[in-house]
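Structure file query32.pdb with PDB, C-alpha atoms:
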```pdb
MODEL        1
ATOM      1  CA  MET A1339     -86.066 162.386 125.572  1.00  0.00           C
ATOM      2  CA  GLY A1340     -88.817 159.840 126.005  1.00  0.00           C
ATOM      3  CA  ALA A1341     -90.990 158.332 123.315  1.00  0.00           C
ATOM      4  CA  THR A1342     -93.847 160.402 121.978  1.00  0.00           C
ATOM      5  CA  ASN A1343     -97.277 158.859 122.373  1.00  0.00           C
ATOM      6  CA  LYS A1344     -99.748 159.080 119.521  1.00  0.00           C
ATOM      7  CA  TYR A1345    -103.466 159.153 120.090  1.00  0.00           C
ATOM      8  CA  TYR A1346    -106.143 158.547 117.496  1.00  0.00           C
ATOM      9  CA  LEU A1347    -109.440 160.342 117.803  1.00  0.00           C
ATOM     10  CA  LYS A1348    -112.502 159.378 115.855  1.00  0.00           C
ATOM     11  CA  VAL A1349    -114.647 162.412 115.123  1.00  0.00           C
ATOM     12  CA  GLN A1350    -117.378 163.258 112.670  1.00  0.00           C
ATOM     13  CA  GLU A1351    -116.475 165.543 109.780  1.00  0.00           C
ATOM     14  CA  GLN A1352    -118.575 168.397 111.184  1.00  0.00           C
ATOM     15  CA  GLU A1353    -116.808 168.110 114.568  1.00  0.00           C
ATOM     16  CA  VAL A1354    -113.449 168.956 113.003  1.00  0.00           C
ATOM     17  CA  ASN A1355    -114.589 172.575 112.709  1.00  0.00           C
ATOM     18  CA  ASP A1356    -114.958 172.751 116.504  1.00  0.00           C
ATOM     19  CA  LEU A1357    -111.337 171.748 117.110  1.00  0.00           C
ATOM     20  CA  PRO A1358    -108.788 174.451 117.946  1.00  0.00           C
ATOM     21  CA  ASN A1359    -106.618 175.604 115.040  1.00  0.00           C
ATOM     22  CA  TYR A1360    -103.403 174.271 116.595  1.00  0.00           C
ATOM     23  CA  LEU A1361    -104.896 170.767 116.458  1.00  0.00           C
ATOM     24  CA  LYS A1362    -106.380 171.129 112.974  1.00  0.00           C
ATOM     25  CA  GLU A1363    -102.927 171.938 111.604  1.00  0.00           C
ATOM     26  CA  ARG A1364    -101.599 168.581 112.842  1.00  0.00           C
ATOM     27  CA  LEU A1365    -104.456 166.345 111.675  1.00  0.00           C
ATOM     28  CA  ALA A1366    -104.032 163.371 109.395  1.00  0.00           C
ATOM     29  CA  PHE A1367    -107.331 162.299 107.864  1.00  0.00           C
ATOM     30  CA  ILE A1368    -108.247 158.639 107.433  1.00  0.00           C
ATOM     31  CA  ASP A1369    -111.398 157.900 105.497  1.00  0.00           C
ATOM     32  CA  ASP A1370    -113.238 154.844 106.850  1.00  0.00           C
ATOM     33  CA  ASN A1371    -115.036 154.406 103.528  1.00  0.00           C
ATOM     34  CA  THR A1372    -111.858 153.816 101.508  1.00  0.00           C
ATOM     35  CA  TYR A1373    -112.292 150.047 101.527  1.00  0.00           C
ATOM     36  CA  ALA A1374    -116.079 149.817 101.714  1.00  0.00           C
ATOM     37  CA  ASP A1375    -116.588 148.614  98.123  1.00  0.00           C
ATOM     38  CA  ASN A1376    -113.508 146.419  97.791  1.00  0.00           C
ATOM     39  CA  GLU A1377    -114.510 142.727  97.714  1.00  0.00           C
ATOM     40  CA  LEU A1378    -110.969 141.507  98.440  1.00  0.00           C
ATOM     41  CA  PHE A1379    -110.833 143.710 101.532  1.00  0.00           C
ATOM     42  CA  LYS A1380    -114.226 142.466 102.749  1.00  0.00           C
ATOM     43  CA  ALA A1381    -113.259 138.791 102.344  1.00  0.00           C
ATOM     44  CA  THR A1382    -109.860 139.249 103.971  1.00  0.00           C
ATOM     45  CA  TYR A1383    -111.282 141.296 106.834  1.00  0.00           C
ATOM     46  CA  SER A1384    -113.888 138.627 107.503  1.00  0.00           C
ATOM     47  CA  LYS A1385    -111.150 135.999 107.785  1.00  0.00           C
ATOM     48  CA  TYR A1386    -109.172 138.323 110.062  1.00  0.00           C
ATOM     49  CA  VAL A1387    -112.117 138.797 112.437  1.00  0.00           C
ATOM     50  CA  LYS A1388    -112.729 135.042 112.673  1.00  0.00           C
ATOM     51  CA  ALA A1389    -109.027 134.290 113.232  1.00  0.00           C
ATOM     52  CA  LYS A1390    -108.737 137.020 115.867  1.00  0.00           C
ATOM     53  CA  LYS A1391    -111.710 135.597 117.778  1.00  0.00           C
ATOM     54  CA  GLU A1392    -110.257 132.084 117.590  1.00  0.00           C
ATOM     55  CA  LEU A1393    -106.888 133.358 118.821  1.00  0.00           C
ATOM     56  CA  GLU A1394    -108.528 135.034 121.817  1.00  0.00           C
ATOM     57  CA  ILE A1395    -110.257 131.751 122.696  1.00  0.00           C
ATOM     58  CA  VAL A1396    -106.967 129.832 122.441  1.00  0.00           C
ATOM     59  CA  LYS A1397    -105.179 132.398 124.629  1.00  0.00           C
ATOM     60  CA  TYR A1398    -107.970 132.229 127.212  1.00  0.00           C
ATOM     61  CA  ASN A1399    -107.806 128.429 127.267  1.00  0.00           C
ATOM     62  CA  ILE A1400    -104.016 128.505 127.704  1.00  0.00           C
ATOM     63  CA  ARG A1401    -104.231 131.040 130.549  1.00  0.00           C
ATOM     64  CA  HIS A1402    -106.829 128.960 132.347  1.00  0.00           C
ATOM     65  CA  ASN A1403    -105.287 125.566 131.573  1.00  0.00           C
ATOM     66  CA  ILE A1404    -108.331 124.397 129.644  1.00  0.00           C
ATOM     67  CA  LYS A1405    -107.639 121.435 127.374  1.00  0.00           C
ATOM     68  CA  PRO A1406    -109.254 121.404 123.905  1.00  0.00           C
TER      69      PRO A1406
ENDMDL
END
```
Could you show the structure in this file as C-alpha cells?
Amino acid sequence: MGATNKYYLKVQEQEVNDLPNYLKERLAFIDDNTYADNELFKATYSKYVKAKKELEIVKYNIRHNIKP
C-alpha cells in the first residue's frame, strides 16, 4: 500500500456544522489562539519569521549565483 496523504483544512467554527458526519468523526481540532498570549512564543515566532525570510533570500542568491 502507498503512503496516506494528510490534508489540513482551515475552517471557521460555524462551518464545522456544515461538514458531513463522516468527516466530523475524523476531525482533530487545533486552536489558533492557544499561543496568542504567550510572550515566549511571540518572541520565538518573530525570530523564526525573520530567519525564514533570510534563508529564502540566501537560497535565491545561491540559485541565481548572486554574490553577497
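The two atoms in question, CA of Asn1403 (chain A) and CA of Lys1388 (chain A), are spaced 22.4 Å apart.
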Spatial neighbours of Ala1366 (chain A), 12 Å, only C-alpha atoms, chain gap at least 6 places, as a tab-separated table (two decimals) with C-alpha atoms, in the coordinates of the input:
```tsv
chain	number	residue	atom	x	y	z
A	1344	LYS	CA	-99.75	159.08	119.52
A	1345	TYR	CA	-103.47	159.15	120.09
A	1346	TYR	CA	-106.14	158.55	117.50
A	1347	LEU	CA	-109.44	160.34	117.80
A	1348	LYS	CA	-112.50	159.38	115.86
A	1354	VAL	CA	-113.45	168.96	113.00
```
(request) Calculate how many Å separate CA of Leu1361 (chain A) from CA of Val1349 (chain A), rounding to one decimal. (result) 12.9 Å
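Our summary of the geometry notes that CA of Asp1370 (chain A) is positioned 13.7 Å from CA of Tyr1383 (chain A).
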Taking the structure I provided as the source, export region 1346-1366 of chain A with C-alpha atoms, as an mmCIF file, in the first residue's frame.
```cif
data_model
loop_
_atom_site.group_PDB
_atom_site.id
_atom_site.type_symbol
_atom_site.label_atom_id
_atom_site.label_comp_id
_atom_site.auth_asym_id
_atom_site.auth_seq_id
_atom_site.Cartn_x
_atom_site.Cartn_y
_atom_site.Cartn_z
ATOM 1 C CA TYR A 1346 -5.302 20.265 6.650
ATOM 2 C CA LEU A 1347 -8.358 22.421 6.193
ATOM 3 C CA LYS A 1348 -8.824 25.728 7.909
ATOM 4 C CA VAL A 1349 -12.489 26.383 8.602
ATOM 5 C CA GLN A 1350 -14.439 28.641 10.902
ATOM 6 C CA GLU A 1351 -16.096 27.042 13.918
ATOM 7 C CA GLN A 1352 -19.582 27.583 12.477
ATOM 8 C CA GLU A 1353 -18.558 25.880 9.205
ATOM 9 C CA VAL A 1354 -17.849 22.610 11.007
ATOM 10 C CA ASN A 1355 -21.602 22.078 11.346
ATOM 11 C CA ASP A 1356 -21.928 22.060 7.544
ATOM 12 C CA LEU A 1357 -19.446 19.204 7.136
ATOM 13 C CA PRO A 1358 -20.764 15.680 6.553
ATOM 14 C CA ASN A 1359 -20.849 13.439 9.629
ATOM 15 C CA TYR A 1360 -18.249 11.023 8.239
ATOM 16 C CA LEU A 1361 -15.748 13.899 8.166
ATOM 17 C CA LYS A 1362 -16.717 15.322 11.557
ATOM 18 C CA GLU A 1363 -15.934 11.970 13.170
ATOM 19 C CA ARG A 1364 -12.336 12.152 11.911
ATOM 20 C CA LEU A 1365 -11.570 15.772 12.819
ATOM 21 C CA ALA A 1366 -8.705 16.851 15.023
#
```
